[in-house]
>>> print(open('final.cif').read())   # mmCIF, C-alpha atoms (C1' of nucleotides)
data_model
loop_
_atom_site.label_atom_id
_atom_site.label_comp_id
_atom_site.auth_asym_id
_atom_site.auth_seq_id
_atom_site.Cartn_x
_atom_site.Cartn_y
_atom_site.Cartn_z
CA MET A 1 -101.81 -105.04 127.61
CA PRO A 2 -100.30 -106.68 124.50
CA LEU A 3 -101.84 -109.90 123.30
CA LYS A 4 -99.92 -112.66 121.50
CA ILE A 5 -102.12 -114.90 119.35
CA ALA A 6 -101.07 -117.95 117.32
CA THR A 7 -102.37 -120.78 115.14
CA TRP A 8 -100.83 -124.22 114.61
CA ASN A 9 -102.02 -127.30 112.75
CA VAL A 10 -100.38 -129.97 114.92
CA ASN A 11 -101.34 -133.06 112.85
CA SER A 12 -102.35 -135.15 115.90
CA LEU A 13 -102.22 -133.59 119.36
CA ARG A 14 -101.45 -137.03 120.84
CA VAL A 15 -98.15 -137.15 118.95
CA ARG A 16 -97.39 -133.42 119.16
CA LEU A 17 -98.30 -132.62 122.78
CA PRO A 18 -94.62 -132.43 123.85
CA HIS A 19 -93.92 -129.92 121.08
CA VAL A 20 -96.98 -127.89 122.02
CA LEU A 21 -96.00 -127.81 125.70
CA ASP A 22 -92.43 -126.77 124.83
CA TRP A 23 -93.67 -124.07 122.48
CA LEU A 24 -96.14 -122.67 125.02
CA ALA A 25 -93.40 -122.55 127.66
CA THR A 26 -91.00 -120.73 125.33
CA GLU A 27 -93.34 -118.40 123.47
CA GLN A 28 -95.99 -117.74 126.14
CA PRO A 29 -98.83 -116.89 123.72
CA ASP A 30 -102.06 -115.60 125.24
CA VAL A 31 -104.07 -117.60 122.70
CA LEU A 32 -103.13 -120.69 120.67
CA ALA A 33 -105.58 -122.13 118.15
CA LEU A 34 -104.93 -125.76 117.20
CA GLN A 35 -106.16 -127.75 114.22
CA GLU A 36 -106.12 -131.47 113.41
CA ILE A 37 -106.08 -132.53 117.04
CA LYS A 38 -107.48 -135.88 115.76
CA MET A 39 -109.12 -136.84 119.06
CA GLU A 40 -112.43 -136.63 120.89
CA GLU A 41 -112.80 -134.25 123.82
CA VAL A 42 -112.80 -137.21 126.23
CA ASN A 43 -109.14 -137.84 125.31
CA PHE A 44 -108.10 -134.17 125.24
CA PRO A 45 -105.11 -133.35 127.53
CA TYR A 46 -106.94 -130.65 129.53
CA GLN A 47 -104.97 -131.41 132.70
CA GLU A 48 -101.48 -131.34 131.17
CA LEU A 49 -102.27 -128.02 129.50
CA LEU A 50 -103.75 -126.60 132.69
CA GLU A 51 -100.57 -127.52 134.53
CA ALA A 52 -98.72 -125.62 131.81
CA GLY A 53 -100.88 -122.56 132.50
CA TYR A 54 -103.52 -122.90 129.75
CA HIS A 55 -107.28 -123.35 129.76
CA SER A 56 -108.70 -125.27 126.78
CA ILE A 57 -111.89 -125.43 124.79
CA ALA A 58 -111.89 -128.36 122.37
CA CYS A 59 -114.16 -129.57 119.62
CA GLY A 60 -112.94 -132.93 118.38
CA GLN A 61 -113.76 -136.22 116.72
CA LYS A 62 -112.06 -139.55 116.36
CA THR A 63 -109.18 -139.93 113.84
CA TYR A 64 -109.78 -136.78 111.77
CA ASN A 65 -110.03 -132.99 112.00
CA GLY A 66 -110.74 -131.40 115.39
CA VAL A 67 -109.95 -127.89 116.67
CA ALA A 68 -109.14 -126.37 120.05
CA ILE A 69 -108.40 -122.97 121.58
CA LEU A 70 -105.90 -122.65 124.43
CA THR A 71 -105.92 -119.46 126.49
CA LYS A 72 -104.05 -118.13 129.51
CA GLN A 73 -107.21 -116.39 130.67
CA GLU A 74 -110.15 -118.71 131.15
CA ILE A 75 -112.91 -118.19 128.60
CA THR A 76 -116.39 -117.91 130.08
CA SER A 77 -118.03 -117.47 126.69
CA ASP A 78 -121.62 -118.68 126.60
CA ASN A 79 -121.87 -118.07 122.86
CA ALA A 80 -119.33 -120.59 121.58
CA ILE A 81 -120.08 -122.05 118.16
CA THR A 82 -118.76 -125.49 117.21
CA CYS A 83 -120.48 -126.25 113.92
CA LEU A 84 -120.61 -124.25 110.69
CA TYR A 85 -123.84 -125.73 109.32
CA GLN A 86 -126.18 -128.40 110.57
CA GLU A 87 -125.37 -131.18 108.09
CA ASP A 88 -121.59 -130.85 108.54
CA GLU A 89 -120.37 -133.68 110.75
CA GLN A 90 -116.70 -132.72 110.56
CA ARG A 91 -115.25 -130.77 113.47
CA ARG A 92 -113.64 -127.78 111.77
CA LEU A 93 -114.88 -124.66 113.55
CA LEU A 94 -114.65 -123.20 117.04
CA ALA A 95 -115.72 -119.60 117.72
CA VAL A 96 -115.40 -118.10 121.20
CA THR A 97 -115.36 -114.68 122.83
CA LEU A 98 -112.38 -113.52 124.91
CA ASN A 99 -113.03 -110.08 126.45
CA ASP A 100 -113.61 -107.74 123.49
CA LEU A 101 -112.29 -110.22 120.90
CA ARG A 102 -114.24 -112.75 118.84
CA ILE A 103 -111.83 -115.60 118.06
CA ILE A 104 -112.76 -117.96 115.24
CA ASN A 105 -110.58 -121.04 114.77
CA VAL A 106 -111.00 -122.88 111.45
CA TYR A 107 -109.70 -125.99 109.78
CA ILE A 108 -110.88 -125.46 106.22
CA PRO A 109 -111.19 -128.70 104.16
CA ASN A 110 -108.19 -129.76 102.11
CA GLY A 111 -110.07 -130.47 98.91
CA ALA A 112 -107.88 -133.39 97.74
CA HIS A 113 -107.94 -132.52 94.01
CA PRO A 114 -110.02 -130.14 91.83
CA SER A 115 -111.80 -133.15 90.29
CA ASP A 116 -112.62 -134.76 93.65
CA ALA A 117 -115.91 -134.58 95.56
CA LYS A 118 -113.85 -133.27 98.50
CA TYR A 119 -113.09 -130.16 96.41
CA ILE A 120 -116.83 -129.50 96.01
CA TYR A 121 -117.19 -129.90 99.78
CA LYS A 122 -114.35 -127.42 100.31
CA LEU A 123 -115.94 -124.76 98.10
CA HIS A 124 -119.33 -125.32 99.72
CA TRP A 125 -117.75 -125.05 103.17
CA LEU A 126 -116.11 -121.76 102.13
CA GLU A 127 -119.48 -120.41 100.94
CA GLN A 128 -121.08 -121.32 104.26
CA PHE A 129 -118.13 -119.80 106.11
CA HIS A 130 -118.54 -116.56 104.16
CA LEU A 131 -122.19 -116.37 105.27
CA PHE A 132 -121.15 -117.19 108.84
CA LEU A 133 -118.50 -114.43 109.00
CA ASN A 134 -120.95 -111.95 107.51
CA GLU A 135 -123.33 -112.76 110.39
CA GLN A 136 -120.54 -112.57 112.98
CA LEU A 137 -119.64 -109.08 111.77
CA LYS A 138 -123.16 -107.92 112.65
CA THR A 139 -122.58 -108.67 116.34
CA HIS A 140 -118.77 -108.36 116.71
CA SER A 141 -116.40 -105.72 115.38
CA ASN A 142 -113.11 -107.11 116.75
CA ILE A 143 -112.79 -110.48 115.01
CA ILE A 144 -109.73 -112.69 114.56
CA VAL A 145 -110.13 -115.59 112.15
CA LEU A 146 -107.20 -117.95 112.37
CA GLY A 147 -106.33 -121.47 111.37
CA ASP A 148 -105.42 -123.79 108.54
CA PHE A 149 -107.17 -122.31 105.50
CA ASN A 150 -105.70 -124.81 103.03
CA ILE A 151 -105.39 -121.94 100.54
CA ALA A 152 -102.24 -120.17 99.37
CA PRO A 153 -103.77 -116.77 98.54
CA THR A 154 -101.23 -115.55 95.94
CA ASP A 155 -98.25 -116.84 93.98
CA ASN A 156 -96.04 -115.17 96.62
CA ASP A 157 -97.30 -117.83 99.00
CA VAL A 158 -96.10 -120.70 96.79
CA HIS A 159 -92.51 -121.90 96.33
CA ASP A 160 -93.16 -122.98 92.73
CA PRO A 161 -96.19 -121.15 91.33
CA GLN A 162 -95.83 -122.70 87.85
CA GLY A 163 -95.62 -126.23 89.20
CA TRP A 164 -98.63 -125.65 91.46
CA GLU A 165 -100.79 -123.79 88.93
CA GLY A 166 -104.42 -124.93 88.99
CA GLN A 167 -103.87 -127.48 91.75
CA VAL A 168 -105.77 -127.74 94.99
CA LEU A 169 -104.66 -125.13 97.59
CA VAL A 170 -103.88 -122.58 94.85
CA SER A 171 -106.71 -122.92 92.30
CA GLU A 172 -108.60 -119.83 91.21
CA PRO A 173 -111.98 -120.74 92.82
CA GLU A 174 -110.23 -121.27 96.18
CA ARG A 175 -108.36 -117.99 95.92
CA ALA A 176 -111.57 -116.20 94.92
CA ALA A 177 -113.27 -117.64 98.02
CA PHE A 178 -110.37 -116.45 100.19
CA ASN A 179 -110.52 -112.95 98.70
CA ALA A 180 -114.29 -112.89 99.24
CA LEU A 181 -113.62 -113.45 102.96
CA LEU A 182 -111.17 -110.52 102.97
CA ASN A 183 -113.73 -108.37 101.15
CA LEU A 184 -116.14 -108.79 104.05
CA GLY A 185 -113.74 -106.54 105.98
CA PHE A 186 -110.61 -108.47 106.95
CA LYS A 187 -106.87 -108.17 106.37
CA ASP A 188 -104.29 -110.95 106.06
CA GLY A 189 -102.40 -110.24 109.30
CA PHE A 190 -99.05 -111.63 108.15
CA ARG A 191 -99.09 -109.51 104.99
CA LEU A 192 -99.62 -106.31 106.99
CA PHE A 193 -95.95 -106.62 108.00
CA THR A 194 -94.41 -108.78 105.26
CA PRO A 195 -96.12 -107.67 102.04
CA GLU A 196 -93.96 -109.47 99.48
CA GLU A 197 -91.44 -111.92 100.91
CA LYS A 198 -92.04 -115.62 100.30
CA VAL A 199 -92.47 -117.25 103.72
CA TYR A 200 -94.24 -120.55 104.24
CA SER A 201 -96.20 -122.26 107.01
CA TRP A 202 -96.35 -125.80 105.59
CA TRP A 203 -93.84 -128.12 103.93
CA ASP A 204 -94.53 -131.63 102.60
CA TYR A 205 -93.02 -134.46 104.67
CA ARG A 206 -91.70 -135.95 101.42
CA ALA A 207 -88.75 -135.04 99.24
CA ALA A 208 -86.87 -133.14 101.98
CA ALA A 209 -89.26 -130.29 101.22
CA PHE A 210 -88.48 -128.38 104.43
CA ARG A 211 -84.72 -128.48 103.93
CA ARG A 212 -85.21 -127.27 100.36
CA ASN A 213 -87.82 -124.70 101.50
CA MET A 214 -90.42 -126.07 99.10
CA GLY A 215 -93.43 -124.80 101.02
CA LEU A 216 -96.76 -123.03 100.94
CA ARG A 217 -98.30 -120.34 103.15
CA ILE A 218 -101.71 -121.82 103.89
CA ASP A 219 -102.11 -121.01 107.61
CA HIS A 220 -103.45 -117.52 108.25
CA ILE A 221 -104.59 -114.97 110.82
CA LEU A 222 -107.25 -112.62 109.45
CA ILE A 223 -107.94 -109.38 111.31
CA SER A 224 -111.20 -107.45 111.07
CA ASP A 225 -110.64 -103.90 109.82
CA ALA A 226 -111.55 -102.42 113.22
CA LEU A 227 -108.65 -104.36 114.79
CA VAL A 228 -105.98 -103.51 112.23
CA PRO A 229 -104.74 -100.40 114.13
CA ARG A 230 -103.97 -102.65 117.13
CA CYS A 231 -101.69 -105.05 115.19
CA VAL A 232 -98.01 -104.63 116.00
CA SER A 233 -96.31 -107.64 114.40
CA SER A 234 -96.77 -111.01 112.74
CA HIS A 235 -94.36 -113.79 111.91
CA ILE A 236 -94.12 -117.49 111.13
CA ASP A 237 -92.06 -119.50 113.63
CA LYS A 238 -90.14 -122.18 111.73
CA ALA A 239 -88.43 -123.58 114.84
CA PRO A 240 -90.98 -126.36 115.60
CA ARG A 241 -90.64 -127.65 112.03
CA THR A 242 -86.94 -128.39 112.69
CA LEU A 243 -87.64 -130.77 115.62
CA GLU A 244 -87.75 -134.58 115.55
CA LYS A 245 -91.18 -135.86 114.45
CA PRO A 246 -92.52 -132.40 113.58
CA SER A 247 -95.97 -131.42 112.39
CA ASP A 248 -95.85 -130.56 108.68
CA HIS A 249 -97.25 -127.11 109.65
CA THR A 250 -95.52 -124.55 111.84
CA PRO A 251 -97.04 -121.79 114.04
CA VAL A 252 -98.15 -118.40 112.72
CA VAL A 253 -98.04 -115.63 115.33
CA LEU A 254 -99.63 -112.17 115.56
CA GLU A 255 -99.34 -109.55 118.29
CA LEU A 256 -101.96 -106.96 119.22
CA ARG A 257 -101.68 -104.01 121.55
"C1'" DA B 1 -87.18 -140.01 88.40
"C1'" DT B 2 -94.60 -137.00 88.04
"C1'" DG B 3 -92.46 -140.19 93.70
"C1'" DG B 4 -90.72 -139.25 97.92
"C1'" DC B 5 -93.70 -139.06 104.33
"C1'" DC B 6 -96.70 -139.34 108.29
"C1'" DA B 7 -100.84 -140.49 111.56
"C1'" DG B 8 -104.59 -143.50 112.72
"C1'" DC B 9 -106.99 -147.76 112.59
"C1'" DA B 10 -110.76 -153.13 117.14
"C1'" DT B 11 -103.24 -151.84 112.45
"C1'" DC B 12 -99.60 -155.38 109.17
"C1'" DG B 13 -102.68 -152.40 104.20
"C1'" DC B 14 -105.64 -149.04 103.70
"C1'" DT B 15 -107.58 -143.77 104.15
"C1'" DG B 16 -106.56 -138.96 104.46
"C1'" DG B 17 -103.58 -135.26 104.49
"C1'" DA B 18 -101.41 -131.17 101.37
#
>>> encode(input="final.cif", output="structure tokens")
Amino acid sequence: MPLKIATWNVNSLRVRLPHVLDWLATEQPDVLALQEIKMEEVNFPYQELLEAGYHSIACGQKTYNGVAILTKQEITSDNAITCLYQEDEQRRLLAVTLNDLRIINVYIPNGAHPSDAKYIYKLHWLEQFHLFLNEQLKTHSNIIVLGDFNIAPTDNDVHDPQGWEGQVLVSEPERAAFNALLNLGFKDGFRLFTPEEKVYSWWDYRAAAFRRNMGLRIDHILISDALVPRCVSSHIDKAPRTLEKPSDHTPVVLELR
DNA sequence: ATGGCCAGCATCGCTGGA
């Protein structure tokens, strides 16, 4: 039974719900991980999504951040995790179990600028996330980590590597933290099938960046090594980015057998 | 041309995003 899994930073689920419903109807993913829902659970559109054929688990807050996992099959996981570390008040993590798969949805901090306190928070969050994944690997072998990583792992993931050099999203400490996650025993799912080509998942709203394809690949689906033999394809779906009032991110998709 | 846009807020100018 093939499984279609996707991630999408929707930049406000309130604004983007019509796009999400259209995309679910067209693409029929088994799992869709959302980031930046920007709402509390009390306002989450559980009913509309259920009517569209999807069960939801959400972990949100007012105004900022917030993650959710939509699934065709209802998740009965009693070991869901919604917080990376105790002092972190930002809703950026949701880990659930679906059959034999551990699904970990992340919205990694943006970091603002390498000289900003938010950058320190980002690197600290990545350290804590590394420890968390290391623990998860002790109890789960089939792990999918997907979401908005806010890191372009290599220059092939950047439209203008010279212009972006040293900046947040591409800086060496961020890339080192990303590679450290891979070194725990994960592969970048998209790069299993598209090793070199420059394809992006985010384009700035400004400067007609999408039309000029000035983008970054910062949304990822990581596959634990045990799952790699089950991967059959991965692609980035640019179609939602062409709509009226789009999110600045577009879905990344991966299929398992 | 080192800026451009967008979402949310007890909105009308700021924060945060990337």
>>> resolve_selection(input="final.cif", expression="the PyMOL selection byres ((chain A and resi 89) around 12)", output="list in words")
Cys59, Gly60, Gln61, Lys62, Tyr64, Asn65, Gly66, Thr82, Cys83, Leu84, Tyr85, Gln86, Glu87, Asp88, Gln90, Arg91, Arg92, Leu93 and Trp125 of chain A
>>> atom_distance(input="final.cif", atom1="atom CA of Ile104 of chain A", atom2="atom CA of Val145 of chain A")
4.7 Å
>>> interface_residues(input="final.cif", of="chain B", to="chain A", cutoff="9 Å", atoms="all atoms listed in the file", output="short mmCIF file (atom, residue, chain, number, x, y, z; two decimals) with C-alpha atoms (C1' of nucleotides), in the frame of the given file")
data_model
loop_
_atom_site.label_atom_id
_atom_site.label_comp_id
_atom_site.auth_asym_id
_atom_site.auth_seq_id
_atom_site.Cartn_x
_atom_site.Cartn_y
_atom_site.Cartn_z
"C1'" DG B 3 -92.46 -140.19 93.70
"C1'" DG B 4 -90.72 -139.25 97.92
"C1'" DC B 5 -93.70 -139.06 104.33
"C1'" DC B 6 -96.70 -139.34 108.29
"C1'" DA B 7 -100.84 -140.49 111.56
"C1'" DG B 8 -104.59 -143.50 112.72
"C1'" DC B 9 -106.99 -147.76 112.59
"C1'" DG B 16 -106.56 -138.96 104.46
"C1'" DG B 17 -103.58 -135.26 104.49
"C1'" DA B 18 -101.41 -131.17 101.37
#
>>> residues_around(input="final.cif", residues="Thr194 of chain A", least_positions_apart="5", cutoff="9 Å", atoms="all atoms listed in the file", output="list in words")
Val199, Ser234 and His235 of chain A
>>> residues_around(input="final.cif", residues="Trp8 of chain A", least_positions_apart="5", cutoff="9 Å", atoms="all atoms listed in the file", output="PyMOL selection string")
chain A and resi 32-35+147-148+219+247+249-252
>>> axis_aligned_box(input="final.cif", around="segment 7-16 of chain B", padding_each_side="8 Å", output="lines of an AutoDock Vina configuration file")
center_x = -105.2
center_y = -147.2
center_z = 110.4
size_x = 27.2
size_y = 32.4
size_z = 29.4
>>> residues_around(input="final.cif", residues="Arg217 of chain A", least_positions_apart="5", cutoff="7 Å", atoms="only C-alpha atoms (C1' of nucleotides)", output="list in words")
Ala152, Asp157, Val158, Val199, Tyr200, Ser201 and Trp202 of chain A
>>> atom_distance(input="final.cif", atom1="atom CA of Val96 of chain A", atom2="atom CA of Leu137 of chain A")
13.7 Å
>>> atom_distance(input="final.cif", atom1="atom CA of Ala58 of chain A", atom2="atom CA of Leu3 of chain A")
21.0 Å
>>> closest_residue(input="final.cif", among="A:Asp188, A:Glu36, A:Glu197, A:Asp155", to="His220 of chain A", atoms="only C-alpha atoms")
A:Asp188
